[in-house]
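Listing of input-v4.tsv, TSV, C-alpha atoms
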```tsv
chain	number	residue	atom	x	y	z
G	1	MET	CA	7.74	14.92	16.96
G	2	VAL	CA	4.16	13.67	16.56
G	3	SER	CA	3.84	10.16	17.95
G	4	THR	CA	0.25	9.19	17.11
G	5	PHE	CA	-1.61	9.72	13.86
G	6	PRO	CA	-5.39	9.30	14.04
G	7	MET	CA	-6.92	7.74	10.90
G	8	GLN	CA	-10.60	7.87	10.04
G	9	PRO	CA	-12.42	5.66	7.55
G	10	ILE	CA	-13.18	7.19	4.14
G	11	GLY	CA	-15.70	4.38	3.66
G	12	TYR	CA	-16.29	0.67	4.18
G	13	VAL	CA	-15.91	-2.56	2.22
G	14	SER	CA	-18.99	-4.50	1.26
G	15	SER	CA	-17.68	-8.06	0.97
G	16	PRO	CA	-19.12	-11.58	0.69
G	17	TYR	CA	-16.93	-12.61	3.65
G	18	LYS	CA	-18.78	-12.31	6.95
G	19	ASN	CA	-16.17	-14.10	9.06
G	20	LEU	CA	-12.49	-14.93	8.85
G	21	ARG	CA	-12.95	-18.65	8.12
G	22	GLU	CA	-14.55	-17.80	4.77
G	23	ILE	CA	-11.55	-15.91	3.41
G	24	PRO	CA	-9.35	-18.15	1.23
G	25	ARG	CA	-5.81	-18.25	2.63
G	26	GLY	CA	-2.49	-19.87	1.94
G	27	LEU	CA	-0.42	-20.84	-1.03
G	28	GLY	CA	-1.72	-20.19	-4.51
G	29	THR	CA	-4.88	-18.58	-3.22
G	30	LYS	CA	-6.58	-16.59	-5.94
G	31	HIS	CA	-8.73	-13.75	-4.73
G	32	ASP	CA	-11.44	-13.16	-7.29
G	33	ALA	CA	-14.31	-12.37	-4.94
G	34	GLU	CA	-16.28	-9.30	-5.92
G	35	GLY	CA	-17.19	-6.57	-3.51
G	36	VAL	CA	-17.93	-2.87	-3.25
G	37	LEU	CA	-15.85	-0.05	-1.82
G	38	GLU	CA	-18.53	2.23	-0.41
G	39	ILE	CA	-16.99	5.67	-0.07
G	40	LYS	CA	-18.60	8.35	2.09
G	41	GLN	CA	-20.90	10.64	0.12
G	42	GLU	CA	-19.03	13.77	1.17
G	43	LEU	CA	-15.80	12.37	-0.32
G	44	GLU	CA	-17.30	11.27	-3.67
G	45	LEU	CA	-15.62	14.14	-5.53
G	46	GLY	CA	-12.29	12.54	-4.65
G	47	LEU	CA	-13.15	9.62	-6.96
G	48	THR	CA	-13.19	11.83	-10.08
G	49	ASP	CA	-11.45	10.10	-13.01
G	50	ILE	CA	-10.76	6.93	-11.04
G	51	GLU	CA	-12.70	4.96	-13.69
G	52	GLY	CA	-9.68	5.21	-15.97
G	53	PHE	CA	-7.61	2.91	-13.80
G	54	SER	CA	-7.97	-0.86	-14.06
G	55	HIS	CA	-6.42	-1.57	-10.66
G	56	LEU	CA	-6.36	0.22	-7.32
G	57	PHE	CA	-4.47	-0.05	-4.07
G	58	VAL	CA	-6.83	-0.19	-1.11
G	59	ILE	CA	-5.37	0.64	2.30
G	60	TRP	CA	-7.65	-0.56	5.09
G	61	ALA	CA	-7.95	-1.50	8.76
G	62	PHE	CA	-7.67	-4.98	10.26
G	63	ASP	CA	-10.41	-3.79	12.63
G	64	ARG	CA	-11.15	-7.26	14.03
G	65	SER	CA	-7.54	-8.15	14.73
G	66	GLU	CA	-6.20	-7.77	18.27
G	67	GLY	CA	-2.63	-7.12	19.28
G	68	PHE	CA	0.38	-8.10	17.24
G	69	GLU	CA	3.17	-10.66	17.16
G	70	LEU	CA	6.60	-9.94	15.74
G	71	LEU	CA	7.12	-13.56	14.65
G	72	GLY	CA	4.29	-15.62	13.23
G	73	THR	CA	3.70	-18.72	11.12
G	74	PRO	CA	1.63	-17.93	8.01
G	75	PRO	CA	-0.93	-20.43	6.66
G	76	SER	CA	1.30	-21.19	3.67
G	77	ASP	CA	4.37	-22.28	5.66
G	78	ASN	CA	5.30	-24.20	8.81
G	79	ARG	CA	8.18	-21.88	9.70
G	80	PRO	CA	7.75	-18.58	11.54
G	81	HIS	CA	8.65	-15.31	9.77
G	82	GLY	CA	8.85	-11.70	10.85
G	83	VAL	CA	5.55	-9.84	10.68
G	84	PHE	CA	6.99	-7.34	8.16
G	85	ALA	CA	7.90	-10.24	5.84
G	86	THR	CA	4.28	-11.50	5.87
G	87	ARG	CA	0.75	-10.25	5.36
G	88	SER	CA	-0.29	-11.25	8.90
G	89	PRO	CA	-3.23	-9.28	10.32
G	90	ARG	CA	-1.51	-9.10	13.72
G	91	ARG	CA	0.73	-6.11	12.97
G	92	PRO	CA	2.00	-3.19	15.12
G	93	ASN	CA	-0.30	-0.94	13.05
G	94	PRO	CA	-3.26	-3.03	11.87
G	95	ILE	CA	-3.11	-1.80	8.26
G	96	GLY	CA	-4.06	-4.00	5.31
G	97	LEU	CA	-3.13	-3.48	1.66
G	98	THR	CA	-4.98	-5.10	-1.22
G	99	VAL	CA	-4.78	-4.62	-4.98
G	100	VAL	CA	-8.23	-4.83	-6.54
G	101	GLU	CA	-9.48	-4.66	-10.11
G	102	LEU	CA	-11.96	-1.84	-10.68
G	103	LEU	CA	-15.00	-3.18	-12.54
G	104	ARG	CA	-17.16	-0.08	-12.52
G	105	ARG	CA	-18.14	2.95	-10.49
G	106	GLU	CA	-21.61	4.02	-9.48
G	107	GLY	CA	-21.37	7.38	-7.73
G	108	PRO	CA	-19.56	6.80	-4.43
G	109	ARG	CA	-19.51	3.02	-4.94
G	110	LEU	CA	-16.58	1.22	-6.56
G	111	TYR	CA	-17.41	-2.30	-7.73
G	112	VAL	CA	-14.21	-4.32	-7.56
G	113	ARG	CA	-12.80	-7.82	-7.94
G	114	GLY	CA	-10.21	-9.27	-5.61
G	115	VAL	CA	-11.47	-8.40	-2.15
G	116	ASP	CA	-9.91	-10.34	0.72
G	117	MET	CA	-11.36	-8.18	3.49
G	118	LEU	CA	-14.24	-8.90	5.84
G	119	ASP	CA	-17.58	-7.26	5.27
G	120	GLY	CA	-17.66	-3.84	6.94
G	121	THR	CA	-13.88	-3.33	6.87
G	122	PRO	CA	-12.96	0.37	7.26
G	123	ILE	CA	-11.07	1.87	4.29
G	124	PHE	CA	-8.35	4.47	4.94
G	125	ASP	CA	-7.23	5.29	1.42
G	126	ILE	CA	-7.43	4.38	-2.26
G	127	LYS	CA	-4.61	5.03	-4.75
G	128	PRO	CA	-4.17	4.24	-8.44
G	129	TYR	CA	-1.97	1.28	-9.31
G	130	LEU	CA	0.54	2.79	-11.70
G	131	SER	CA	3.38	0.40	-12.40
G	132	ASN	CA	4.85	-3.03	-11.91
G	133	ILE	CA	8.25	-4.24	-10.85
G	134	GLU	CA	9.91	-6.14	-13.69
G	135	SER	CA	9.25	-9.82	-13.04
G	136	GLN	CA	12.87	-10.79	-13.57
G	137	GLU	CA	13.84	-8.35	-10.80
G	138	LEU	CA	11.39	-9.72	-8.27
G	139	ARG	CA	12.54	-12.07	-5.48
G	140	ARG	CA	9.93	-13.45	-3.13
G	141	GLY	CA	11.90	-14.94	-0.24
G	142	TRP	CA	10.32	-17.60	1.94
G	143	LEU	CA	7.18	-17.66	-0.19
G	144	ALA	CA	9.12	-18.69	-3.30
G	145	GLU	CA	10.86	-21.38	-1.24
G	146	VAL	CA	7.56	-22.85	-0.09
G	147	GLU	CA	6.18	-22.74	-3.62
G	148	ALA	CA	9.25	-24.53	-4.99
G	149	GLN	CA	8.84	-27.31	-2.40
G	150	THR	CA	5.19	-27.89	-3.19
G	151	GLU	CA	5.43	-27.94	-6.96
G	152	PRO	CA	4.85	-31.40	-8.43
J	1	MET	CA	-18.35	1.09	15.23
J	2	VAL	CA	-14.87	2.45	15.86
J	3	SER	CA	-14.41	5.78	14.10
J	4	THR	CA	-10.77	6.65	14.73
J	5	PHE	CA	-7.75	4.39	14.48
J	6	PRO	CA	-4.55	5.69	16.10
J	7	MET	CA	-1.37	4.74	14.23
J	8	GLN	CA	2.11	4.94	15.70
J	9	PRO	CA	5.38	4.95	13.79
J	10	ILE	CA	7.29	1.67	13.65
J	11	GLY	CA	10.32	3.71	12.59
J	12	TYR	CA	11.48	6.59	10.40
J	13	VAL	CA	12.88	7.12	6.92
J	14	SER	CA	16.41	8.39	6.53
J	15	SER	CA	16.30	10.11	3.14
J	16	PRO	CA	18.51	12.49	1.14
J	17	TYR	CA	15.49	14.79	0.71
J	18	LYS	CA	15.38	17.47	3.38
J	19	ASN	CA	12.59	19.51	1.81
J	20	LEU	CA	9.80	19.00	-0.70
J	21	ARG	CA	11.46	20.94	-3.52
J	22	GLU	CA	14.22	18.34	-3.71
J	23	ILE	CA	11.89	15.40	-4.43
J	24	PRO	CA	11.65	14.70	-8.18
J	25	ARG	CA	8.02	14.94	-9.31
J	26	GLY	CA	5.96	14.64	-12.42
J	27	LEU	CA	5.90	12.57	-15.58
J	28	GLY	CA	8.53	9.93	-16.11
J	29	THR	CA	10.18	10.63	-12.78
J	30	LYS	CA	12.45	7.80	-11.78
J	31	HIS	CA	12.96	7.37	-8.08
J	32	ASP	CA	16.34	5.79	-7.54
J	33	ALA	CA	17.41	7.69	-4.45
J	34	GLU	CA	18.80	5.51	-1.71
J	35	GLY	CA	17.73	5.77	1.90
J	36	VAL	CA	17.32	3.79	5.07
J	37	LEU	CA	14.20	2.54	6.82
J	38	GLU	CA	15.21	2.78	10.47
J	39	ILE	CA	12.91	0.46	12.40
J	40	LYS	CA	12.58	0.75	16.18
J	41	GLN	CA	14.92	-1.60	18.05
J	42	GLU	CA	12.06	-3.27	19.92
J	43	LEU	CA	10.43	-4.26	16.61
J	44	GLU	CA	13.57	-5.64	14.96
J	45	LEU	CA	12.39	-9.24	15.35
J	46	GLY	CA	9.53	-8.40	12.98
J	47	LEU	CA	12.10	-8.03	10.16
J	48	THR	CA	13.12	-11.71	10.33
J	49	ASP	CA	13.49	-13.19	6.81
J	50	ILE	CA	12.73	-9.88	5.09
J	51	GLU	CA	16.12	-10.11	3.34
J	52	GLY	CA	14.63	-12.69	0.96
J	53	PHE	CA	12.40	-10.12	-0.70
J	54	SER	CA	13.73	-7.85	-3.41
J	55	HIS	CA	10.96	-5.27	-3.08
J	56	LEU	CA	8.85	-3.96	-0.22
J	57	PHE	CA	5.74	-1.87	0.20
J	58	VAL	CA	6.32	0.96	2.65
J	59	ILE	CA	3.23	2.59	4.17
J	60	TRP	CA	4.07	5.93	5.72
J	61	ALA	CA	2.77	9.30	6.92
J	62	PHE	CA	2.65	12.54	4.97
J	63	ASP	CA	3.49	14.20	8.27
J	64	ARG	CA	4.30	17.59	6.77
J	65	SER	CA	1.13	17.81	4.67
J	66	GLU	CA	-1.81	19.83	5.98
J	67	GLY	CA	-5.46	19.28	5.22
J	68	PHE	CA	-6.76	17.71	2.04
J	69	GLU	CA	-8.43	18.59	-1.23
J	70	LEU	CA	-10.79	16.25	-3.05
J	71	LEU	CA	-9.81	17.63	-6.47
J	72	GLY	CA	-6.25	18.57	-7.28
J	73	THR	CA	-3.98	19.14	-10.25
J	74	PRO	CA	-0.94	16.87	-10.15
J	75	PRO	CA	2.47	18.07	-11.37
J	76	SER	CA	2.24	15.81	-14.43
J	77	ASP	CA	-1.03	17.23	-15.80
J	78	ASN	CA	-2.88	20.53	-16.18
J	79	ARG	CA	-6.28	19.02	-15.44
J	80	PRO	CA	-7.63	18.38	-11.94
J	81	HIS	CA	-8.31	14.80	-10.82
J	82	GLY	CA	-9.88	13.23	-7.74
J	83	VAL	CA	-7.48	12.74	-4.86
J	84	PHE	CA	-8.07	8.95	-4.92
J	85	ALA	CA	-6.99	8.88	-8.58
J	86	THR	CA	-3.68	10.58	-7.74
J	87	ARG	CA	-0.77	10.25	-5.32
J	88	SER	CA	-1.38	13.73	-3.89
J	89	PRO	CA	-0.07	14.25	-0.35
J	90	ARG	CA	-3.21	16.21	0.56
J	91	ARG	CA	-5.46	13.21	1.31
J	92	PRO	CA	-8.26	12.64	3.87
J	93	ASN	CA	-5.87	10.24	5.64
J	94	PRO	CA	-2.31	11.42	4.99
J	95	ILE	CA	-0.99	7.97	4.11
J	96	GLY	CA	1.79	7.43	1.56
J	97	LEU	CA	2.65	4.20	-0.24
J	98	THR	CA	6.01	3.54	-1.89
J	99	VAL	CA	7.55	0.45	-3.43
J	100	VAL	CA	11.27	0.26	-2.64
J	101	GLU	CA	14.01	-2.15	-3.61
J	102	LEU	CA	15.67	-3.76	-0.60
J	103	LEU	CA	19.46	-3.53	-0.98
J	104	ARG	CA	20.50	-4.98	2.36
J	105	ARG	CA	19.61	-5.17	6.02
J	106	GLU	CA	21.78	-4.26	8.97
J	107	GLY	CA	19.91	-5.18	12.15
J	108	PRO	CA	16.93	-2.83	12.41
J	109	ARG	CA	18.04	-0.81	9.36
J	110	LEU	CA	16.80	-1.57	5.86
J	111	TYR	CA	18.93	0.02	3.13
J	112	VAL	CA	16.65	0.64	0.17
J	113	ARG	CA	16.50	2.24	-3.28
J	114	GLY	CA	13.54	4.24	-4.50
J	115	VAL	CA	12.70	6.54	-1.61
J	116	ASP	CA	10.47	9.51	-2.42
J	117	MET	CA	9.82	10.51	1.17
J	118	LEU	CA	11.26	13.39	3.17
J	119	ASP	CA	13.95	12.74	5.74
J	120	GLY	CA	12.37	11.81	9.07
J	121	THR	CA	9.11	10.52	7.57
J	122	PRO	CA	7.25	8.24	10.02
J	123	ILE	CA	6.75	4.66	8.80
J	124	PHE	CA	3.53	2.82	9.68
J	125	ASP	CA	4.09	-0.55	8.08
J	126	ILE	CA	6.25	-2.64	5.75
J	127	LYS	CA	4.96	-5.54	3.68
J	128	PRO	CA	6.58	-7.86	1.14
J	129	TYR	CA	5.88	-7.15	-2.54
J	130	LEU	CA	4.56	-10.49	-3.76
J	131	SER	CA	3.09	-10.17	-7.22
J	132	ASN	CA	2.45	-8.00	-10.23
J	133	ILE	CA	-0.62	-7.26	-12.27
J	134	GLU	CA	-0.17	-8.56	-15.80
J	135	SER	CA	0.97	-5.59	-17.90
J	136	GLN	CA	-1.59	-6.24	-20.60
J	137	GLU	CA	-4.35	-5.98	-17.98
J	138	LEU	CA	-3.16	-2.66	-16.59
J	139	ARG	CA	-4.93	0.59	-17.55
J	140	ARG	CA	-3.53	3.83	-16.18
J	141	GLY	CA	-6.24	6.41	-16.86
J	142	TRP	CA	-5.34	10.10	-17.01
J	143	LEU	CA	-1.66	9.33	-16.53
J	144	ALA	CA	-1.52	7.22	-19.69
J	145	GLU	CA	-3.33	10.03	-21.56
J	146	VAL	CA	-0.77	12.60	-20.48
J	147	GLU	CA	2.09	10.28	-21.39
J	148	ALA	CA	0.62	9.66	-24.85
J	149	GLN	CA	0.38	13.42	-25.46
J	150	THR	CA	3.95	14.10	-24.49
J	151	GLU	CA	5.60	11.30	-26.42
J	152	PRO	CA	7.68	12.52	-29.37
```
File written out as structure tokens:
Amino acid sequence: MVSTFPMQPIGYVSSPYKNLREIPRGLGTKHDAEGVLEIKQELELGLTDIEGFSHLFVIWAFDRSEGFELLGTPPSDNRPHGVFATRSPRRPNPIGLTVVELLRREGPRLYVRGVDMLDGTPIFDIKPYLSNIESQELRRGWLAEVEAQTEP
Amino acid sequence: MVSTFPMQPIGYVSSPYKNLREIPRGLGTKHDAEGVLEIKQELELGLTDIEGFSHLFVIWAFDRSEGFELLGTPPSDNRPHGVFATRSPRRPNPIGLTVVELLRREGPRLYVRGVDMLDGTPIFDIKPYLSNIESQELRRGWLAEVEAQTEP
């Protein structure tokens, strides 16, 4: 059984955020920052027909995060939660997942809205966003609790 | 600049699918197979409070896929598309992404609906599914075209 899988960047994020403090965090945060997914030239063919999709999943590396903690307190709450029930950067595998809106493509560059990554973040994969979960079926655990407490 | 990121499984999928032929593919496929995400005992604390979420993102390894192709023809179409505009297993980084419904948790085991992975698939990460894209904002490119052509 293979125990380690080596991942290599397919490209890098060009983002307005140069350090962590600049990235909006916490409850009700809306990520509408624009950025560019700069894919390696030799992989450009893999972007064929991506223009047809309005939204993309971006899978990327928390490359400036060190170590992990199984329990952590997110910025939106004062109670600790398990790392797999949060979007904490301090994860056993430092993998990030962001849904972005695709604005346009220029060759190997995807101009997108909704980046929450640091400038220079390595990208592992891009996939089309194909479907939603029905809103009435969605439960959002501790996050919904915090939201309910902070509503006026 | 780091060029390779080693990822290690946080656990494995227990799935009814023992080989690729058994996994439903193509247009309109509904994945309602049940399975179990078996997380390593030493990471169980990281699942704290995950029960509150109805749906989870599972990031996993296409561990039985070899190599990649930048252009490929998916089962639902007869035209080739770029790998980043499809869910092809033959990707530069063999990373899979699946949204599952969490049915219940028993210690380090998450019982879920919606698995489309092979039995024994390594899991890299689990994240809570927090929000949808508004349906009226969603465009689904070549997939929507194929669906339109095949509707009665």
Legend entry - Surrounding residues of G:Thr150 excluding itself and chain neighbours under 5 positions, 12 Å, all atoms listed in the file, as a list in words: Leu27, Gly28, Ser76, Asp77, Leu143, Ala144 and Glu145 of chain G
If you keep C-alpha atoms, can you produce a file of those selected residues as a CSV table (one decimal), keeping the file's coordinate frame?
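Result file follows (result-v2.csv):
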```csv
chain,number,residue,atom,x,y,z
G,27,LEU,CA,-0.4,-20.8,-1.0
G,28,GLY,CA,-1.7,-20.2,-4.5
G,76,SER,CA,1.3,-21.2,3.7
G,77,ASP,CA,4.4,-22.3,5.7
G,143,LEU,CA,7.2,-17.7,-0.2
G,144,ALA,CA,9.1,-18.7,-3.3
G,145,GLU,CA,10.9,-21.4,-1.2
```
Lay chain J over chain G using all C-alpha atoms, matched one to one in order, with a least-squares fit; then write it out as an mmCIF file with C-alpha atoms, keeping the file's coordinate frame.
```cif
data_model
loop_
_atom_site.group_PDB
_atom_site.id
_atom_site.type_symbol
_atom_site.label_atom_id
_atom_site.label_comp_id
_atom_site.auth_asym_id
_atom_site.auth_seq_id
_atom_site.Cartn_x
_atom_site.Cartn_y
_atom_site.Cartn_z
ATOM 1 C CA MET J 1 7.725 14.925 16.952
ATOM 2 C CA VAL J 2 4.168 13.681 16.554
ATOM 3 C CA SER J 3 3.831 10.165 17.939
ATOM 4 C CA THR J 4 0.258 9.193 17.104
ATOM 5 C CA PHE J 5 -1.607 9.713 13.857
ATOM 6 C CA PRO J 6 -5.396 9.302 14.021
ATOM 7 C CA MET J 7 -6.924 7.762 10.889
ATOM 8 C CA GLN J 8 -10.609 7.871 10.038
ATOM 9 C CA PRO J 9 -12.426 5.672 7.548
ATOM 10 C CA ILE J 10 -13.165 7.189 4.145
ATOM 11 C CA GLY J 11 -15.687 4.382 3.664
ATOM 12 C CA TYR J 12 -16.293 0.666 4.175
ATOM 13 C CA VAL J 13 -15.902 -2.563 2.232
ATOM 14 C CA SER J 14 -18.983 -4.510 1.261
ATOM 15 C CA SER J 15 -17.658 -8.063 0.969
ATOM 16 C CA PRO J 16 -19.116 -11.576 0.691
ATOM 17 C CA TYR J 17 -16.930 -12.620 3.645
ATOM 18 C CA LYS J 18 -18.787 -12.336 6.931
ATOM 19 C CA ASN J 19 -16.176 -14.107 9.042
ATOM 20 C CA LEU J 20 -12.489 -14.950 8.836
ATOM 21 C CA ARG J 21 -12.980 -18.652 8.115
ATOM 22 C CA GLU J 22 -14.574 -17.810 4.773
ATOM 23 C CA ILE J 23 -11.555 -15.907 3.409
ATOM 24 C CA PRO J 24 -9.359 -18.157 1.235
ATOM 25 C CA ARG J 25 -5.821 -18.259 2.643
ATOM 26 C CA GLY J 26 -2.505 -19.852 1.951
ATOM 27 C CA LEU J 27 -0.415 -20.842 -1.036
ATOM 28 C CA GLY J 28 -1.724 -20.192 -4.504
ATOM 29 C CA THR J 29 -4.899 -18.593 -3.216
ATOM 30 C CA LYS J 30 -6.605 -16.612 -5.923
ATOM 31 C CA HIS J 31 -8.730 -13.748 -4.733
ATOM 32 C CA ASP J 32 -11.446 -13.167 -7.282
ATOM 33 C CA ALA J 33 -14.309 -12.365 -4.944
ATOM 34 C CA GLU J 34 -16.280 -9.307 -5.922
ATOM 35 C CA GLY J 35 -17.202 -6.564 -3.499
ATOM 36 C CA VAL J 36 -17.921 -2.882 -3.249
ATOM 37 C CA LEU J 37 -15.851 -0.049 -1.818
ATOM 38 C CA GLU J 38 -18.533 2.233 -0.403
ATOM 39 C CA ILE J 39 -16.980 5.678 -0.071
ATOM 40 C CA LYS J 40 -18.613 8.348 2.094
ATOM 41 C CA GLN J 41 -20.917 10.645 0.117
ATOM 42 C CA GLU J 42 -19.022 13.770 1.171
ATOM 43 C CA LEU J 43 -15.803 12.364 -0.331
ATOM 44 C CA GLU J 44 -17.301 11.269 -3.654
ATOM 45 C CA LEU J 45 -15.627 14.126 -5.536
ATOM 46 C CA GLY J 46 -12.277 12.547 -4.651
ATOM 47 C CA LEU J 47 -13.151 9.620 -6.967
ATOM 48 C CA THR J 48 -13.198 11.834 -10.083
ATOM 49 C CA ASP J 49 -11.436 10.101 -13.018
ATOM 50 C CA ILE J 50 -10.764 6.922 -11.035
ATOM 51 C CA GLU J 51 -12.702 4.962 -13.683
ATOM 52 C CA GLY J 52 -9.667 5.215 -15.979
ATOM 53 C CA PHE J 53 -7.611 2.905 -13.794
ATOM 54 C CA SER J 54 -7.958 -0.846 -14.061
ATOM 55 C CA HIS J 55 -6.420 -1.571 -10.663
ATOM 56 C CA LEU J 56 -6.359 0.207 -7.319
ATOM 57 C CA PHE J 57 -4.460 -0.058 -4.073
ATOM 58 C CA VAL J 58 -6.825 -0.198 -1.117
ATOM 59 C CA ILE J 59 -5.367 0.631 2.303
ATOM 60 C CA TRP J 60 -7.636 -0.555 5.080
ATOM 61 C CA ALA J 61 -7.946 -1.499 8.754
ATOM 62 C CA PHE J 62 -7.682 -4.957 10.265
ATOM 63 C CA ASP J 63 -10.396 -3.793 12.638
ATOM 64 C CA ARG J 64 -11.167 -7.241 14.020
ATOM 65 C CA SER J 65 -7.538 -8.154 14.730
ATOM 66 C CA GLU J 66 -6.198 -7.763 18.264
ATOM 67 C CA GLY J 67 -2.632 -7.088 19.277
ATOM 68 C CA PHE J 68 0.388 -8.110 17.251
ATOM 69 C CA GLU J 69 3.167 -10.664 17.160
ATOM 70 C CA LEU J 70 6.601 -9.942 15.729
ATOM 71 C CA LEU J 71 7.109 -13.565 14.643
ATOM 72 C CA GLY J 72 4.287 -15.618 13.216
ATOM 73 C CA THR J 73 3.689 -18.709 11.121
ATOM 74 C CA PRO J 74 1.640 -17.931 8.023
ATOM 75 C CA PRO J 75 -0.919 -20.414 6.665
ATOM 76 C CA SER J 76 1.311 -21.169 3.668
ATOM 77 C CA ASP J 77 4.378 -22.284 5.653
ATOM 78 C CA ASN J 78 5.315 -24.209 8.794
ATOM 79 C CA ARG J 79 8.175 -21.884 9.693
ATOM 80 C CA PRO J 80 7.759 -18.583 11.539
ATOM 81 C CA HIS J 81 8.653 -15.324 9.775
ATOM 82 C CA GLY J 82 8.852 -11.687 10.847
ATOM 83 C CA VAL J 83 5.555 -9.844 10.684
ATOM 84 C CA PHE J 84 6.999 -7.339 8.163
ATOM 85 C CA ALA J 85 7.890 -10.242 5.851
ATOM 86 C CA THR J 86 4.292 -11.506 5.884
ATOM 87 C CA ARG J 87 0.752 -10.226 5.373
ATOM 88 C CA SER J 88 -0.276 -11.238 8.901
ATOM 89 C CA PRO J 89 -3.225 -9.287 10.322
ATOM 90 C CA ARG J 90 -1.508 -9.103 13.720
ATOM 91 C CA ARG J 91 0.743 -6.104 12.970
ATOM 92 C CA PRO J 92 1.985 -3.186 15.129
ATOM 93 C CA ASN J 93 -0.300 -0.942 13.043
ATOM 94 C CA PRO J 94 -3.258 -3.030 11.868
ATOM 95 C CA ILE J 95 -3.101 -1.806 8.277
ATOM 96 C CA GLY J 96 -4.062 -4.007 5.318
ATOM 97 C CA LEU J 97 -3.124 -3.486 1.677
ATOM 98 C CA THR J 98 -4.981 -5.092 -1.225
ATOM 99 C CA VAL J 99 -4.775 -4.633 -4.972
ATOM 100 C CA VAL J 100 -8.235 -4.834 -6.548
ATOM 101 C CA GLU J 101 -9.478 -4.679 -10.110
ATOM 102 C CA LEU J 102 -11.946 -1.850 -10.673
ATOM 103 C CA LEU J 103 -14.997 -3.193 -12.530
ATOM 104 C CA ARG J 104 -17.144 -0.074 -12.517
ATOM 105 C CA ARG J 105 -18.133 2.948 -10.488
ATOM 106 C CA GLU J 106 -21.610 4.010 -9.478
ATOM 107 C CA GLY J 107 -21.365 7.380 -7.736
ATOM 108 C CA PRO J 108 -19.561 6.801 -4.437
ATOM 109 C CA ARG J 109 -19.498 3.012 -4.941
ATOM 110 C CA LEU J 110 -16.569 1.226 -6.554
ATOM 111 C CA TYR J 111 -17.414 -2.302 -7.719
ATOM 112 C CA VAL J 112 -14.210 -4.316 -7.557
ATOM 113 C CA ARG J 113 -12.793 -7.827 -7.945
ATOM 114 C CA GLY J 114 -10.200 -9.274 -5.615
ATOM 115 C CA VAL J 115 -11.459 -8.410 -2.149
ATOM 116 C CA ASP J 116 -9.914 -10.350 0.732
ATOM 117 C CA MET J 117 -11.358 -8.193 3.484
ATOM 118 C CA LEU J 118 -14.238 -8.902 5.844
ATOM 119 C CA ASP J 119 -17.589 -7.255 5.275
ATOM 120 C CA GLY J 120 -17.658 -3.839 6.941
ATOM 121 C CA THR J 121 -13.879 -3.331 6.870
ATOM 122 C CA PRO J 122 -12.958 0.364 7.265
ATOM 123 C CA ILE J 123 -11.076 1.862 4.303
ATOM 124 C CA PHE J 124 -8.356 4.456 4.938
ATOM 125 C CA ASP J 125 -7.230 5.285 1.434
ATOM 126 C CA ILE J 126 -7.402 4.379 -2.255
ATOM 127 C CA LYS J 127 -4.609 5.014 -4.736
ATOM 128 C CA PRO J 128 -4.170 4.230 -8.431
ATOM 129 C CA TYR J 129 -1.964 1.249 -9.313
ATOM 130 C CA LEU J 130 0.548 2.793 -11.699
ATOM 131 C CA SER J 131 3.388 0.407 -12.389
ATOM 132 C CA ASN J 132 4.864 -3.024 -11.912
ATOM 133 C CA ILE J 133 8.254 -4.247 -10.841
ATOM 134 C CA GLU J 134 9.909 -6.121 -13.688
ATOM 135 C CA SER J 135 9.255 -9.823 -13.059
ATOM 136 C CA GLN J 136 12.875 -10.772 -13.569
ATOM 137 C CA GLU J 137 13.853 -8.346 -10.793
ATOM 138 C CA LEU J 138 11.373 -9.722 -8.278
ATOM 139 C CA ARG J 139 12.537 -12.061 -5.486
ATOM 140 C CA ARG J 140 9.910 -13.451 -3.142
ATOM 141 C CA GLY J 141 11.890 -14.932 -0.252
ATOM 142 C CA TRP J 142 10.313 -17.602 1.946
ATOM 143 C CA LEU J 143 7.178 -17.652 -0.183
ATOM 144 C CA ALA J 144 9.110 -18.665 -3.297
ATOM 145 C CA GLU J 145 10.857 -21.383 -1.240
ATOM 146 C CA VAL J 146 7.560 -22.842 -0.089
ATOM 147 C CA GLU J 147 6.165 -22.729 -3.615
ATOM 148 C CA ALA J 148 9.233 -24.519 -4.994
ATOM 149 C CA GLN J 149 8.820 -27.295 -2.408
ATOM 150 C CA THR J 150 5.187 -27.879 -3.187
ATOM 151 C CA GLU J 151 5.421 -27.918 -6.960
ATOM 152 C CA PRO J 152 4.815 -31.360 -8.476
#
```
Legend entry - Best match for closeness to chain G among J:Arg104, J:Arg21, J:Arg113, J:His55, counting all atoms listed in the file: J:His55
Legend entry - Interface list for chain G, partner chain J, 8 Å threshold, all atoms listed in the file, as number ranges by chain: G: 3-10, 43, 45-55, 69-71, 81-87, 92-93, 95, 124-130, 132-133, 135, 137-142
Please list, as a compact mmCIF listing (two decimals) with C-alpha atoms, in the coordinates of the input, the residues that have an atom at most 7 Å away from (-20.0, 0.7, 5.5) in the coordinates of this file, counting all atoms listed in the file.
```txt
# COMPACT_ATOMS: atom_id res chain seq x y z
CA GLY G 11 -15.70 4.38 3.66
CA TYR G 12 -16.29 0.67 4.18
CA VAL G 13 -15.91 -2.56 2.22
CA SER G 14 -18.99 -4.50 1.26
CA GLU G 38 -18.53 2.23 -0.41
CA GLY G 120 -17.66 -3.84 6.94
```
Legend entry - All residues 10 Å or closer to J:Leu20, only C-alpha atoms, same chain fewer than 6 positions away omitted, as a VMD selection string: chain J and resid 64 116 to 119
Inset, instruction - One decimal, Å: what's the distance from atom CA of G:Gly67 over to atom CA of J:Thr121, could you say? - result: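 According to the coordinates, atom CA of G:Gly67 and atom CA of J:Thr121 are separated by 24.2 Å.
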Legend entry - Separation of atom CA of G:Leu110 from atom CA of J:Arg79 in Å: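 Computing it gives 22.4 Å between the two atoms.
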Inset, instruction - Could you check how far atom CA of J:Ile39 sits from atom CA of J:Leu103, in Å to one decimal? - result: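 Those two atoms sit 15.4 Å apart.
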